[in-house]
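Heads up, my_file_14.cif below (mmCIF, C-alpha atoms):
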```
data_start
loop_
_atom_site.label_atom_id
_atom_site.label_comp_id
_atom_site.auth_asym_id
_atom_site.auth_seq_id
_atom_site.Cartn_x
_atom_site.Cartn_y
_atom_site.Cartn_z
CA MET A 38 23.59 11.33 -1.31
CA THR A 39 22.73 8.05 -2.97
CA VAL A 40 19.04 7.24 -3.23
CA GLN A 41 18.20 3.97 -1.49
CA VAL A 42 15.93 1.94 -3.82
CA THR A 43 14.09 -0.87 -2.05
CA LYS A 44 11.81 -3.47 -3.63
CA ILE A 45 8.95 -4.56 -1.42
CA GLY A 46 7.75 -8.08 -2.15
CA MET A 47 4.29 -9.50 -1.75
CA ALA A 48 3.24 -9.48 1.93
CA GLU A 49 6.14 -7.27 2.99
CA VAL A 50 6.39 -3.83 4.62
CA CYS A 51 9.24 -1.33 4.55
CA ALA A 52 9.87 2.12 5.99
CA ALA A 53 12.78 4.35 4.96
CA LYS A 54 14.26 7.82 5.46
CA ASP A 55 15.00 10.25 2.64
CA PRO A 56 16.53 9.78 0.10
CA ALA A 57 14.58 6.62 -0.71
CA ILE A 58 12.37 5.10 -3.37
CA LEU A 59 10.14 2.19 -2.46
CA ILE A 60 8.93 -0.05 -5.29
CA THR A 61 6.51 -2.94 -5.52
CA LEU A 62 5.83 -4.89 -8.68
CA GLY A 63 2.75 -6.56 -10.05
CA LEU A 64 -0.10 -5.32 -7.90
CA GLY A 65 -3.22 -7.10 -9.13
CA SER A 66 -5.87 -7.62 -6.47
CA CYS A 67 -3.22 -6.71 -3.88
CA VAL A 68 -3.04 -3.13 -2.60
CA GLY A 69 0.11 -1.07 -2.26
CA ILE A 70 -0.38 1.31 0.65
CA CYS A 71 2.09 4.19 0.87
CA LEU A 72 2.47 6.35 3.98
CA TYR A 73 4.39 9.62 4.14
CA ASP A 74 5.59 12.15 6.74
CA HIS A 75 6.29 15.20 4.55
CA ILE A 76 8.34 17.06 7.20
CA LYS A 77 10.75 14.25 8.08
CA LYS A 78 10.47 12.80 4.53
CA ILE A 79 9.95 9.30 5.89
CA VAL A 80 8.13 6.85 3.62
CA GLY A 81 6.54 3.49 4.17
CA MET A 82 5.00 0.91 1.87
CA ALA A 83 3.11 -2.33 2.40
CA HIS A 84 2.13 -4.86 -0.28
CA ILE A 85 -1.16 -6.13 1.14
CA MET A 86 -2.61 -9.40 -0.12
CA LEU A 87 -5.75 -9.89 1.98
CA PRO A 88 -8.20 -7.71 3.91
CA SER A 89 -8.21 -9.31 7.35
CA SER A 90 -5.98 -11.55 9.46
CA THR A 91 -9.07 -12.76 11.33
CA GLU A 92 -10.57 -14.49 8.26
CA ILE A 93 -7.97 -17.22 7.81
CA LYS A 94 -6.01 -19.58 10.05
CA ASN A 95 -2.58 -19.12 8.45
CA ASN A 96 -2.12 -15.52 9.58
CA GLY A 97 1.43 -15.59 10.92
CA ASN A 98 2.76 -13.04 8.41
CA LYS A 99 1.33 -9.74 9.70
CA ALA A 100 2.48 -7.91 6.55
CA LYS A 101 0.00 -9.89 4.44
CA PHE A 102 -3.17 -8.28 5.84
CA ALA A 103 -4.60 -4.75 5.77
CA ASP A 104 -5.57 -4.85 9.45
CA THR A 105 -2.07 -5.74 10.68
CA ALA A 106 0.32 -4.43 7.98
CA ILE A 107 -0.76 -0.79 8.37
CA GLU A 108 -0.18 -0.93 12.13
CA MET A 109 3.29 -2.44 11.53
CA LEU A 110 4.13 0.23 8.96
CA ILE A 111 3.10 3.10 11.24
CA LEU A 112 5.24 1.71 14.07
CA ASP A 113 8.24 1.25 11.74
CA MET A 114 7.91 4.83 10.48
CA VAL A 115 7.55 6.27 14.01
CA GLY A 116 10.65 4.26 14.92
CA LEU A 117 12.53 6.16 12.21
CA GLY A 118 11.30 9.51 13.56
CA ALA A 119 7.98 10.08 11.76
CA ASP A 120 5.18 11.89 13.59
CA ARG A 121 2.08 9.70 13.37
CA ASN A 122 -0.13 12.83 13.35
CA ARG A 123 1.55 14.03 10.14
CA ILE A 124 1.36 10.79 8.18
CA THR A 125 -0.78 10.80 5.02
CA ALA A 126 -1.59 7.92 2.71
CA LYS A 127 -1.88 7.01 -0.96
CA MET A 128 -2.85 3.64 -2.35
CA ALA A 129 -2.91 1.74 -5.63
CA GLY A 130 -3.98 -1.69 -6.81
CA GLY A 131 -7.10 -3.53 -5.74
CA ALA A 132 -7.94 -4.69 -9.26
CA GLN A 133 -10.43 -7.39 -10.21
CA MET A 134 -8.06 -9.40 -12.35
CA PHE A 135 -10.47 -12.15 -13.40
CA ALA A 136 -14.14 -12.16 -14.34
CA PHE A 137 -16.31 -14.37 -12.17
CA LYS A 138 -19.89 -15.33 -12.89
CA SER A 139 -20.52 -15.65 -9.16
CA SER A 140 -21.36 -12.63 -7.04
CA ASN A 141 -19.55 -14.33 -4.14
CA GLU A 142 -18.05 -11.70 -1.81
CA LEU A 143 -14.86 -13.74 -1.39
CA MET A 144 -14.06 -13.39 -5.09
CA ARG A 145 -13.95 -9.56 -4.88
CA ILE A 146 -10.51 -9.61 -3.24
CA GLY A 147 -9.24 -6.39 -4.84
CA GLU A 148 -12.27 -4.36 -3.83
CA ARG A 149 -12.29 -5.89 -0.35
CA ASN A 150 -8.57 -5.11 0.05
CA ALA A 151 -9.13 -1.45 -0.87
CA GLU A 152 -12.12 -1.19 1.51
CA ALA A 153 -10.09 -2.78 4.34
CA VAL A 154 -7.20 -0.34 3.79
CA ARG A 155 -9.60 2.64 3.90
CA LYS A 156 -11.12 1.30 7.12
CA GLU A 157 -7.71 0.83 8.77
CA LEU A 158 -6.52 4.28 7.73
CA LYS A 159 -9.66 5.80 9.21
CA ARG A 160 -9.14 3.82 12.43
CA HIS A 161 -5.61 5.23 12.69
CA ARG A 162 -6.81 8.74 11.73
CA ILE A 163 -4.59 8.82 8.62
CA GLU A 164 -5.90 10.86 5.70
CA LEU A 165 -6.05 9.05 2.35
CA ILE A 166 -5.09 11.87 -0.02
CA ALA A 167 -4.98 9.93 -3.33
CA GLU A 168 -5.77 6.53 -4.78
CA ASP A 169 -5.66 4.62 -8.05
CA VAL A 170 -7.61 1.42 -7.43
CA GLY A 171 -9.93 -0.98 -9.21
CA GLY A 172 -10.09 -1.82 -12.88
CA ASN A 173 -8.89 -5.13 -14.29
CA TYR A 174 -5.19 -4.44 -14.83
CA GLY A 175 -2.01 -4.74 -12.81
CA ARG A 176 0.14 -1.92 -11.50
CA THR A 177 3.76 -1.38 -10.50
CA ILE A 178 4.34 1.50 -8.10
CA GLU A 179 7.29 3.68 -7.07
CA PHE A 180 7.02 5.94 -4.02
CA SER A 181 9.52 8.78 -3.50
CA SER A 182 10.60 10.17 -0.14
CA GLU A 183 11.73 13.40 -1.78
CA ASN A 184 8.22 14.67 -2.53
CA GLY A 185 5.75 11.89 -1.68
CA GLU A 186 4.93 11.26 -5.34
CA LEU A 187 3.51 7.86 -6.19
CA ASN A 188 4.28 6.77 -9.77
CA ILE A 189 1.88 4.10 -10.99
CA LYS A 190 2.91 2.19 -14.12
CA THR A 191 0.47 -0.01 -16.00
CA ILE A 192 0.44 -2.02 -19.19
CA GLY A 193 -1.98 -0.43 -21.60
CA HIS A 194 -3.01 2.37 -19.24
CA GLY A 195 0.18 4.45 -19.17
CA ILE A 196 1.75 6.11 -16.14
CA ASN A 197 -0.25 7.95 -13.50
CA VAL A 198 1.38 10.15 -10.84
CA ILE A 199 -0.58 10.83 -7.66
#
```

Before we go any further, please render this structure as C-alpha cells.
Amino acid sequence: MTVQVTKIGMAEVCAAKDPAILITLGLGSCVGICLYDHIKKIVGMAHIMLPSSTEIKNNGNKAKFADTAIEMLILDMVGLGADRNRITAKMAGGAQMFAFKSSNELMRIGERNAEAVRKELKRHRIELIAEDVGGNYGRTIEFSSENGELNIKTIGHGINVI
C-alpha cells in the first residue's frame, strides 16, 4: 500500500485513514493539533492560526481557529470511521516568534493558541498525551497514521518525536 502524504496549509484541516502521513510546515505562533484513533489508525491535523473565532469579524474560515477547527477535525475523523471516545491528541507550535516590550495579551498569540487548544480538547473530552510548544523557534511536523508518532523538526533544536 502506498502511503498517502498530505500537506496541510495554514488554516486548513485534514483527516485521513492509514496509511497516511500528514505534514504542516512552518509552525511559528500557529499550533499544529494532531488527533489519532489508534484502533482504526485514523489521523487528523489542523494548522490553527488564532485562538477564537469570536474575537474577530473575518471568521469565515473555520479551520483558522482553535474553537472551530478542532470540532471540524473530530467530525471529519468520525466520518472516516474514528470513534470519538478513542481519539487522543498531540500538539506542537505555539512559539513566541518575536520579542515585544509590551505585555499586551494580544501579542502572546502562540501561548494563547496553545491555551485555546487545551481548552477545546478538554471541552471535547480528548486527552492531550504529548506536546512540544512554546520557545521562540519554528517547527515543521509530520504525523503518522501507522503508530501515531509526531515528528517535530526544528532549525537549531533538532528533531523531537512525541

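Separating CA of Ile124 (chain A) from CA of Ile146 (chain A) is a distance of 26.2 Å.
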
| request: For Lys78 (chain A), please output as a PyMOL selection string all residues within 7 Å (counting only C-alpha atoms; exclusion window: fewer than 3 positions along the same chain). | output: chain A and resi 54-55+73-75+182-183

| Of the candidates A:Pro56, A:Gly193, A:Gly175, A:Gly69, which one gets nearest to Ala83 (chain A) if we count all atoms listed in the file? |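 Counting all atoms listed in the file, the residue closest to Ala83 (chain A) is A:Gly69.
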
| Given only C-alpha atoms as the counted atoms, nearest of A:Lys99, A:Ala106, A:His161, A:Gly63 to Asn122 (chain A) | A:His161

| Looking at A:Ala57, A:Met114, A:Val80, A:Val170, which one is nearest to Gln133 (chain A), with distances taken over all atoms listed in the file? | A:Val170

| Neighbour list for Ala100 (chain A) as a ChimeraX atom specification, cut-off 6 Å, only C-alpha atoms, skip fewer than 4 positions in-chain | /A:48-50,106

For those residues, write C-alpha atoms to a file as a short mmCIF file (atom, residue, chain, number, x, y, z; two decimals), keeping the file's coordinate frame.
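Now in again27.cif:
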```
data_model
loop_
_atom_site.label_atom_id
_atom_site.label_comp_id
_atom_site.auth_asym_id
_atom_site.auth_seq_id
_atom_site.Cartn_x
_atom_site.Cartn_y
_atom_site.Cartn_z
CA ALA A 48 3.24 -9.48 1.93
CA GLU A 49 6.14 -7.27 2.99
CA VAL A 50 6.39 -3.83 4.62
CA ALA A 106 0.32 -4.43 7.98
#
```

| task | Write out as a list in words which residues come within 9 Å of Glu168 (chain A) when counting all atoms listed in the file, dropping same-chain ones fewer than 4 positions away. | result | Ala126, Lys127, Met128, Ala129, Gly130 and Ile199 of chain A

| query | Looking at only C-alpha atoms, which of A:Leu64, A:Leu59, A:Met109, A:Ala167 is the one that sits closest to Met47 (chain A)? | reply | A:Leu64

| query | If you apply the PyMOL selection byres ((chain A and resi 81) around 6) to this file, what residues do you get, as a PyMOL selection string? | reply | chain A and resi 51-52+71-72+80+82

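Atom pair CA of Ala151 (chain A) / CA of Lys101 (chain A): separated by 13.5 Å.
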
Restrict the output to region 76-95 of chain A and N, CA and C atoms, then write it as a compact mmCIF listing (two decimals), in the first residue's frame.
```txt
# COMPACT_ATOMS: atom_id res chain seq x y z
N ILE A 76 -6.99 2.53 17.16
CA ILE A 76 -7.56 1.26 16.71
C ILE A 76 -7.83 1.30 15.20
N LYS A 77 -8.51 2.34 14.75
CA LYS A 77 -8.82 2.48 13.32
C LYS A 77 -7.66 3.08 12.54
N LYS A 78 -6.66 3.62 13.26
CA LYS A 78 -5.49 4.27 12.64
C LYS A 78 -5.93 5.41 11.72
N ILE A 79 -6.82 6.23 12.27
CA ILE A 79 -7.29 7.42 11.56
C ILE A 79 -6.63 8.64 12.21
N VAL A 80 -6.05 9.50 11.37
CA VAL A 80 -5.35 10.68 11.86
C VAL A 80 -6.05 11.94 11.39
N GLY A 81 -5.81 13.01 12.13
CA GLY A 81 -6.32 14.31 11.73
C GLY A 81 -5.34 15.38 12.16
N MET A 82 -5.24 16.44 11.37
CA MET A 82 -4.36 17.55 11.72
C MET A 82 -5.04 18.86 11.33
N ALA A 83 -4.85 19.86 12.20
CA ALA A 83 -5.30 21.22 11.90
C ALA A 83 -4.13 22.16 12.14
N HIS A 84 -3.98 23.14 11.26
CA HIS A 84 -2.96 24.19 11.39
C HIS A 84 -3.71 25.43 11.85
N ILE A 85 -3.71 25.64 13.16
CA ILE A 85 -4.52 26.69 13.80
C ILE A 85 -3.73 27.99 13.91
N MET A 86 -4.33 29.07 13.44
CA MET A 86 -3.68 30.38 13.45
C MET A 86 -4.04 31.24 14.65
N LEU A 87 -5.30 31.16 15.09
CA LEU A 87 -5.80 32.06 16.13
C LEU A 87 -6.64 31.30 17.15
N PRO A 88 -6.71 31.82 18.38
CA PRO A 88 -7.41 31.10 19.45
C PRO A 88 -8.93 31.02 19.29
N SER A 89 -9.56 32.10 18.86
CA SER A 89 -11.03 32.12 18.94
C SER A 89 -11.68 32.83 17.75
N SER A 90 -12.69 32.19 17.19
CA SER A 90 -13.43 32.78 16.08
C SER A 90 -14.31 33.93 16.54
N THR A 91 -14.53 34.05 17.84
CA THR A 91 -15.42 35.10 18.36
C THR A 91 -14.69 36.43 18.54
N GLU A 92 -13.37 36.43 18.40
CA GLU A 92 -12.59 37.65 18.65
C GLU A 92 -12.41 38.54 17.43
N ILE A 93 -12.69 38.03 16.25
CA ILE A 93 -12.52 38.86 15.06
C ILE A 93 -13.72 38.72 14.13
N LYS A 94 -13.91 39.74 13.28
CA LYS A 94 -15.07 39.76 12.38
C LYS A 94 -14.90 38.80 11.20
N ASN A 95 -13.68 38.74 10.64
CA ASN A 95 -13.44 37.90 9.47
C ASN A 95 -13.19 36.46 9.92
```
